[in-house]
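Asks: This is the structure I want to talk about, given as structure tokens.
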Amino acid sequence: MSELAPGIVRIPTRGDGENCFLVADEDGLTLVDVGWKSAPTAIRQAIESTGRTLADVKRIVITHAHPDHVRGLAEMAARTGAEVLIHELEAPWLAAGRVPRSGRSGAFGRAVDRLPLLHWEPVAATRTVVDGARIGSLRVIHTPGHSPGHIVLLHEPSKALLVGDAVFNRGELSSGHDALAADPVVRDASYALMPRDATAVGFAHGAPLVGDAVASLNTWLDR
């Protein structure tokens, strides 16, 4: 666990390459994404190491309904009693427990989604969000393409950016595999919607960018 920006900590959920984020707000904690089925244990341990408990988690925000972000969600929602928020376009996916055939642009992605390992326990969202919505100190930026309802979250007090799977940082910045995206063309167009004045960047996959390193994201987005 490490601080991304004041009020935000990064919690690795599977090795050091897959992350969720914990945001401190006045009324409690907001968890951004969960991870695979084993992730709730790592999340609980991280929260308790700060002197807080799972009961302090008031909201769980899901950047998009893909298995590596939501397989642990049902357990985490039950253990915290937190409300679950997701973009309105992906609430049906969350409730169905899998990515639909239309959710991937390539045959490989559709084949992968047929595997039971990549299905999850269905979860009904407590409420849905749209572009521009505020969730505590976070502002929703709808960035479709990786999935129809993918969202990026801007932490307004610090201007830190939580990008979900809009961008990966596995050794180098990338868009990920086109076959696993719903619409690669729309995904690439969505980069124009992401702010260029972030002070830190948290990735669901990969190491964060802080300080002067954030400029590399802006250069990549404008390529």
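By convention in this document, the chains of the structure tokens carry letters A, B, ... by their order, each chain's residues are numbered from 1, and ligands are numbered from 1 in the order they are shown.
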Using only C-alpha atoms, I'd like a table of the residues in range 85-104 of chain A that come within 10 Å of range 173-188 of chain A; for each, show the closest atom pair and its distance in Å rounded to one decimal, ordered by chain and ascending number, as a tab-separated table.
Replies:
```
residue	atom	partner	partner_atom	distance
A:Arg101	CA	A:Ala182	CA	9.5
A:Ser102	CA	A:Ala182	CA	7.1
A:Gly103	CA	A:Ala182	CA	4.8
A:Arg104	CA	A:Ala182	CA	4.2
```
Asks: Write a file of the just-selected residues containing N, CA and C atoms, as a short mmCIF file (atom, residue, chain, number, x, y, z; two decimals), in the first residue's frame.
Replies:
```
data_model
loop_
_atom_site.label_atom_id
_atom_site.label_comp_id
_atom_site.auth_asym_id
_atom_site.auth_seq_id
_atom_site.Cartn_x
_atom_site.Cartn_y
_atom_site.Cartn_z
N ARG A 101 -21.56 -10.84 -25.14
CA ARG A 101 -20.85 -11.03 -26.40
C ARG A 101 -20.54 -9.69 -27.07
N SER A 102 -21.46 -8.75 -26.97
CA SER A 102 -21.28 -7.44 -27.60
C SER A 102 -20.23 -6.59 -26.89
N GLY A 103 -19.73 -7.07 -25.75
CA GLY A 103 -18.79 -6.28 -24.96
C GLY A 103 -17.35 -6.39 -25.40
N ARG A 104 -17.05 -7.23 -26.39
CA ARG A 104 -15.69 -7.36 -26.90
C ARG A 104 -15.70 -7.20 -28.42
#
```
Asks: Just the residues within 12 Å of Asp131 in chain A, please, counting only C-alpha atoms, with nothing from its chain fewer than 2 positions along; format it as a list in words.
Replies: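 My reading of the contact set: Ile86, His87, Glu88, Leu89, Thr128, Val129, Ala133, Arg134, Ile135, Leu138, Arg139, Val140, Ile141, His142, Thr143, Pro144, Gly149, His150, Ile151, Val152, Leu153, Leu154, Leu193 and Met194 of chain A.
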Asks: Pick out the residues sitting within 6 Å of range 17-34 of chain A, and hand them over as a list in words; count only C-alpha atoms, and ignore anything fewer than 5 positions along from it in its own chain.
Replies: Gly7, Ile8, Val9, Arg10, Ile11, Pro12, Asp56, Val57, Lys58, Arg59, Ile60, Val61, Ile62, His69, Val70, Gly72, Leu73, Ala204, His205 and Gly206 of chain A
Asks: Excluding His66 in chain A and its own-chain neighbours fewer than 5 positions away, which residues fall within 9 Å of it when counting only C-alpha atoms? Please give them as a ChimeraX atom specification.
Replies: /A:71,93-94,98-99,118-119,147
Asks: Would you list, as a ChimeraX atom specification, the residues of chain A that end up in strand (DSSP E or B) under DSSP run on this structure's backbone?
Replies: /A:2-5,8-14,18-25,28-32,57-61,83-87,127-129,134-135,138-142,151-155,160-162,168-169,173-174,200-202,205-206,209-210
Asks: Looking at A:Ser49, A:Leu117, A:Leu54, A:Asp222, which one is nearest to Gly81 in chain A, with distances taken over only C-alpha atoms?
Replies: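 That would be A:Leu54, the residue with the smallest distance to Gly81 in chain A.
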